[in-house]
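Please read the structure below before turning to the comments.
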Amino acid sequence: MSNDINKPMGLYVHIPFCSKKCDYCDFVSYSMDCKAQQLYLDALFTEIDSLKTKFYDRVFDSIFIGGGTPSIVYEGFIACLSRKIFSSFHFLDKTEFTIEVNPSSFTKEKFFEYVQAGVNRISVGVQCLDEKLLREHGRIQTMDNINETFKLLKNSEFPNVNSDVMIGLPGQSKKSIIKTINYLIKQNVKHISTYTLQIEKHTLLYSKLKKGKIKPVSDETMVDIYNKINKVLKKAGYFRYEISNYAKPGFECKHNLKYWDDDTSYLGLGVAAHSYIDGYRYYNTKRLDTYIDAMKEGKTAVYSKEYVSDAEHRTERIMLSLRTTKGLDLDKFKKDFNEDLLRTKSESIKKMLDMNMIEIENNFLRIKDDYFAVSNSIIVELI
Amino acid sequence: MNRQDKIRNFCIVAHIDHGKSTLADRLMEFTNTVAKRDMSEQMLDSMDIERERGITIKLTPACMKYKLDGEEYTLNLIDTPGHVDFSYEVSRSLAACEGAILVVDASQGVQAQTLANVYLALDANLEIIPVINKIDLPSADVLGTKKEIEDLIGIPCDDACEISAKTGLNIESVLKAVVKKVPAPKGNENTPLKALIFDSYYDSYKGAVSLVRIFDGKVKAGDEILFMQTNKTFIVTEVGIFTPQPNSVNELSAGDVGYIAASIKNVSDTKVGDTITLKNNPINKPLDGYKEATSVVFCGIFPLDGDKYQELNDALEKLKLNDASLHFTKETSLALGHGFRCGFLGLLHMEIITERLEREFNLDIITTAPSVEYKVYDNKGKVYDVTNPSEMPPMATITKMEEPIVKMEIITPKDYLGGIMDLCSDRRGVYHDMQYIDSNRTKLIYTMPLNEIVYDFFDKIKSISKGYASMDYELAGYQDSELVKLDILLNGEICDALSIIVHKDKAYQRGRTLCERLKTVIPRHLFEIPIQAVIGGKVIARETISAMRKDVLAKCYGGDVTRKRKLLEKQKEGKKRMRRLGSVELPSEAFVSILKLDD
């Protein structure tokens, strides 16, 4: 099975620079250095040039510049990159163009540069409003930075803002998270991503945990907070459309939705970017120098590539679509995989229906609100 | 000199680790039976497990040639298993010999098992040759060890061999002693065949091969032989000796040790202790001392993956080919599905079999709690032999129960006496006697229920005494006992594979520990799971596994998809290996937890 080539693709560009790595971060990032940024931009151009002919007949309708910290790169970088992107691939009129910014490096000048470049969605990495906690976990932004960022966006009536909120930072209270959520509601952000902290290996936080310097937040507390957020946001007019994403109607992130639709292709550019194109997943090298050298030498940036077999595709379909509140389209599943899940997994489905964990409506199977937190267990029953 | 005057049949008696196998290696090396370059450590221990643990289970005889004073002697060494589980086999091996080398570690002195086996050898009227080993160790106390042997066993030690099997020091003195002291066989070659089977093994070409000592008469290929206990007849295809590899010879005669192959399909037809004679010219009466191998310890063995039932069946069949003392019958458990109820000679035997299933046959298995054979009397006057808790009649109908007891001997340095006595009384042991072996060591004698030692008694003794104490036991009949069947309910359903039979005074404690243990090994489910320990409908302990609240809330972007998918696939694989009991999924550790019941 292959992807639907008629569906518009998404484009992701990774900006692997940060002024400082946060303690919990396992994303690929390097510290800031103008020369490195210049070399990186050159390399991105080369990668785009090497790929554009391959996608001459495909259309895109989303761009996502993520990182790292895209707002940290020098002025003009994003403008330059956007021009290159728009001149190399075909975009639909209603293309969603997101950039991630950190309040500590987001300036008025950069904001205007982004808007000029076509950015129509800004994702502010707020995480949490507790300055002490932010500092403890190595985030550099201050409350002043955050206030200024939102003032700027509000004053210019920028229409589409997302904010990331992190749940489960050791030391964080339920009260402080709800305070953060209420602040964002007040700022009229259209989209909120709440995700729980996963303590990944190879992070500073992990080693702190191993040394017993911090205590992880219990599952019970996390779920409590998570359910509370759900209530608060619902009341404020946001709806959950995916496990960790809320939006005002019409403001779902087009780009992210592609990640949860196993039929849609997306192209990733830059260090550590990943692509999913016509049934193959590609992973670019994670090393900045390797990436830059490869581009200079006319080699590929792809470090590994894997074909998603039918069986794997089936698993991914179940896994990804059950993350969304829309759920799993059973008719389409039957058509695509020649399997009637209601029959092949009848026992598990019946059990879960009885326990009120899932529901089936118009032949869409979805996880009930209260059970999103245990969706892994539910998915495992079905794969 | 007559032919038999130049034959010596002997064995080695020693405690584990005292150097029996190493000494056997050195003897073969010295007599050029095995070239040094072909020696792997401990030649006679042919199974991996034996070699790894340094204990000998399976006997392999060796025929050595040794020249003394111009005469060439044939020395047949019959190795013996050094563990209590195999004392019947030991007794048959001893019956095949005229002499025994008693090896004692000069740094450790006489141990409980040594004593047990020496007594067996003395009972068999063997000439005992004391050998003090490991005299090269700095901690060796040669004089003290000799005195111990004299005091404890009553064997004079003036001219005991003092050796180091490891370095090869004084090895020849042992060979000389064997020739000089062990009596030559005194059989009659001209009377009808009388041969003792002291072991057998399965060979895929020759079939079941009997290891024999010929007492009288002769046997050769083509003879029609009769196994007197099984009353079966076979035509001999080959006879031979062990050098130590099997080597065929024309004929075995009185005094010889060797093997007889007769295209026998089943190793259970070649029973240890049976007497072989000629069908057309038989002896009147078989040799004394024959016993059926009886199972003492029982447990259920189930494949971890239910689909591997047939493979487990085949593996047990294969093991049985070589081990007539292994018994198994089909068993079906609600929780574990299809498997086998297996009977063993003892704990070590059980451990060996389960380990071989895992190692040699690559099977992942679940074993249930070891059980012994209880006698249960019901109100209709019926008696049941219960080896499996699930076969226990309803409590209300039971009028009397009996459990097997053992006579236990423990030798320990006095520092650990208190700890060991505490353990014994905790295990319902009844104190009988205490004897001082020397200024430091003491021998304790207890009778105790077998079911108190089948779990981890040996490990406990070892850990209390830092490895210095040794133990030995023999079955000593049955005694009345107030036993109860303790069941475990998971989410309201009985998990049959977790049921145990236990003394009523211990039921509460066991039930509680078991519930606590299970709580830690059973993963959280999407619903709450009560764990209850129940005796005859009455709940005596309870724990609850609370429902899982969260297993994911993290983000999932493009780059995470493969990783997440693999994670879920792995979880699914893990689930497949779980056992289902109603809606509860049990990991195999749940069944192991019942084996380790001590806090």
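Letters A, B, ... mark the chains of the structure tokens in the order given; residue numbers begin at 1 per chain; ligand numbers begin at 1, in order shown.
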
If you take only C-alpha atoms and a cut-off of 8 Å, which residues of chain A touch chain B, and what are their nearest atom pairs and distances in Å to one decimal, in chain and number order, as a tab-separated table?
```
residue	atom	partner	partner_atom	distance
A:Tyr195	CA	B:Ala554	CA	5.3
A:Thr196	CA	B:Ala554	CA	5.3
A:Leu197	CA	B:Ala554	CA	7.0
A:Gln198	CA	B:Ala554	CA	6.8
A:Asp219	CA	B:Lys550	CA	5.9
A:Glu220	CA	B:Arg549	CA	6.3
A:Val223	CA	B:Lys550	CA	6.5
A:Ile243	CA	B:Leu553	CA	6.5
A:Ser244	CA	B:Lys555	CA	6.3
A:Asn256	CA	B:Tyr557	CA	7.2
A:Tyr259	CA	B:Gly558	CA	5.2
A:Trp260	CA	B:Tyr557	CA	7.8
A:Ala273	CA	B:Gly559	CA	7.6
A:His274	CA	B:Gly559	CA	5.7
A:Ser275	CA	B:Gly558	CA	7.5
A:Tyr276	CA	B:Gly558	CA	7.7
A:Tyr283	CA	B:Gly559	CA	7.8
A:Glu312	CA	B:Arg565	CA	7.8
A:Thr315	CA	B:Arg565	CA	7.0
A:Glu316	CA	B:Arg565	CA	6.4
A:Met319	CA	B:Arg565	CA	7.4
A:Phe372	CA	B:Leu553	CA	7.7
A:Ala373	CA	B:Lys550	CA	4.7
A:Val374	CA	B:Lys550	CA	4.8
A:Ser375	CA	B:Val552	CA	6.4
A:Asn376	CA	B:Asp551	CA	5.9
A:Ser377	CA	B:Asp551	CA	7.1
A:Ile379	CA	B:Leu568	CA	7.8
A:Val380	CA	B:Lys572	CA	5.7
A:Glu381	CA	B:Lys572	CA	7.7
A:Ile383	CA	B:Lys572	CA	7.7
```

Keeping only C-alpha atoms, write the selected residues as a short mmCIF file (atom, residue, chain, number, x, y, z; two decimals), in the first residue's frame.
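Saved result, again_3.cif, follows:
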```
data_model
loop_
_atom_site.label_atom_id
_atom_site.label_comp_id
_atom_site.auth_asym_id
_atom_site.auth_seq_id
_atom_site.Cartn_x
_atom_site.Cartn_y
_atom_site.Cartn_z
CA TYR A 195 2.15 17.22 26.31
CA THR A 196 3.43 15.30 29.25
CA LEU A 197 7.08 15.26 29.97
CA GLN A 198 8.76 12.07 28.86
CA ASP A 219 0.98 8.91 36.70
CA GLU A 220 -1.99 9.68 38.92
CA VAL A 223 -3.73 12.19 34.66
CA ILE A 243 -4.39 13.23 22.40
CA SER A 244 -2.28 16.27 23.15
CA ASN A 256 0.38 18.07 12.44
CA TYR A 259 1.54 13.10 10.86
CA TRP A 260 -1.50 11.25 12.09
CA ALA A 273 14.38 15.82 9.61
CA HIS A 274 12.23 12.90 8.62
CA SER A 275 10.10 12.36 5.59
CA TYR A 276 7.30 9.99 4.75
CA TYR A 283 15.61 9.85 8.30
CA GLU A 312 3.31 -2.12 9.68
CA THR A 315 -0.44 -0.99 12.82
CA GLU A 316 0.37 2.64 12.10
CA MET A 319 -2.05 3.68 16.25
CA PHE A 372 -7.13 8.74 26.13
CA ALA A 373 -4.51 8.52 28.83
CA VAL A 374 -4.35 4.75 28.42
CA SER A 375 -4.58 4.68 24.65
CA ASN A 376 -1.47 2.56 24.31
CA SER A 377 -3.16 -0.31 26.08
CA ILE A 379 -4.19 0.24 20.71
CA VAL A 380 -2.23 -2.86 21.69
CA GLU A 381 -5.54 -4.72 21.96
CA ILE A 383 -3.04 -4.23 16.51
#
```

| said: Residues of stretch 333-369 of chain B classed as strand (DSSP E or B) by DSSP on the backbone are to be reported as a list of chain:residue names. | reply: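 After running DSSP on the backbone, stretch 333-369 of chain B has strand (DSSP E or B) at B:Ser333, B:Gly337, B:His338, B:Gly339, B:Phe340, B:Arg341, B:Cys342, B:Gly343, B:Phe344, B:Ile365, B:Ile366, B:Thr367.
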
Since we have the selection now, will you write its residues out, keeping C-alpha atoms, as a compact mmCIF listing (two decimals), in the first residue's frame?
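File written: again-v5.txt
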```
# COMPACT_ATOMS: atom_id res chain seq x y z
CA SER B 333 -4.39 -25.91 33.83
CA GLY B 337 -3.16 -24.37 29.39
CA HIS B 338 -1.65 -27.68 28.34
CA GLY B 339 1.49 -28.93 30.00
CA PHE B 340 2.85 -31.79 32.04
CA ARG B 341 2.84 -32.96 35.60
CA CYS B 342 6.35 -34.19 36.22
CA GLY B 343 7.80 -36.34 38.96
CA PHE B 344 11.45 -36.20 40.02
CA ILE B 365 8.92 -22.91 30.38
CA ILE B 366 6.87 -22.11 33.43
CA THR B 367 7.17 -24.43 36.39
```

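Between A:Ala43 and the candidates A:Asn245, A:Thr300, A:Asn338, A:Asn145, the tightest atom-to-atom separation, counting only C-alpha atoms, involves A:Thr300.
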
| message | Could you pull out the helix (DSSP H, G or I) residues of stretch 308-543 of chain B, going by DSSP on the backbone, and write them as a ChimeraX atom specification? | response | /B:308-322,347-359,389-391,395-397,414-426,450-452,457-464,496-498,504-521

| Which polymer residues have any atom within 10 Å of an atom of A:Asp93, counting only C-alpha atoms, with same-chain residues fewer than 2 positions away left out, as a PyMOL selection string? | chain A and resi 60-61+90-91+95-96

How would the residues just picked look written out with C-alpha atoms as a PDB file, in the first residue's frame?
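And here's again-v7.pdb as it stands now:
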```
ATOM      1  CA  PHE A  60       1.987  21.188  -0.678  1.00  0.00           C
ATOM      2  CA  ASP A  61      -0.343  22.986   1.697  1.00  0.00           C
ATOM      3  CA  HIS A  90       4.121  24.149  -5.520  1.00  0.00           C
ATOM      4  CA  PHE A  91       1.931  25.464  -2.743  1.00  0.00           C
ATOM      5  CA  THR A  95      -1.066  26.976   2.753  1.00  0.00           C
ATOM      6  CA  GLU A  96      -0.539  26.939   6.499  1.00  0.00           C
TER       7      GLU A  96
END
```

| task | Please provide as a list in words all residues within 10 Å of B:Asp323, with the sequence filter that same-chain residues fewer than 3 positions apart are discarded (counting only C-alpha atoms). | result | Lys58, Asp199, Ser200, Tyr201, Tyr202, Val267, Ser268, Lys271, Leu316, Glu317, Lys318, Leu319, Lys320, Leu326, His327 and Ile353 of chain B
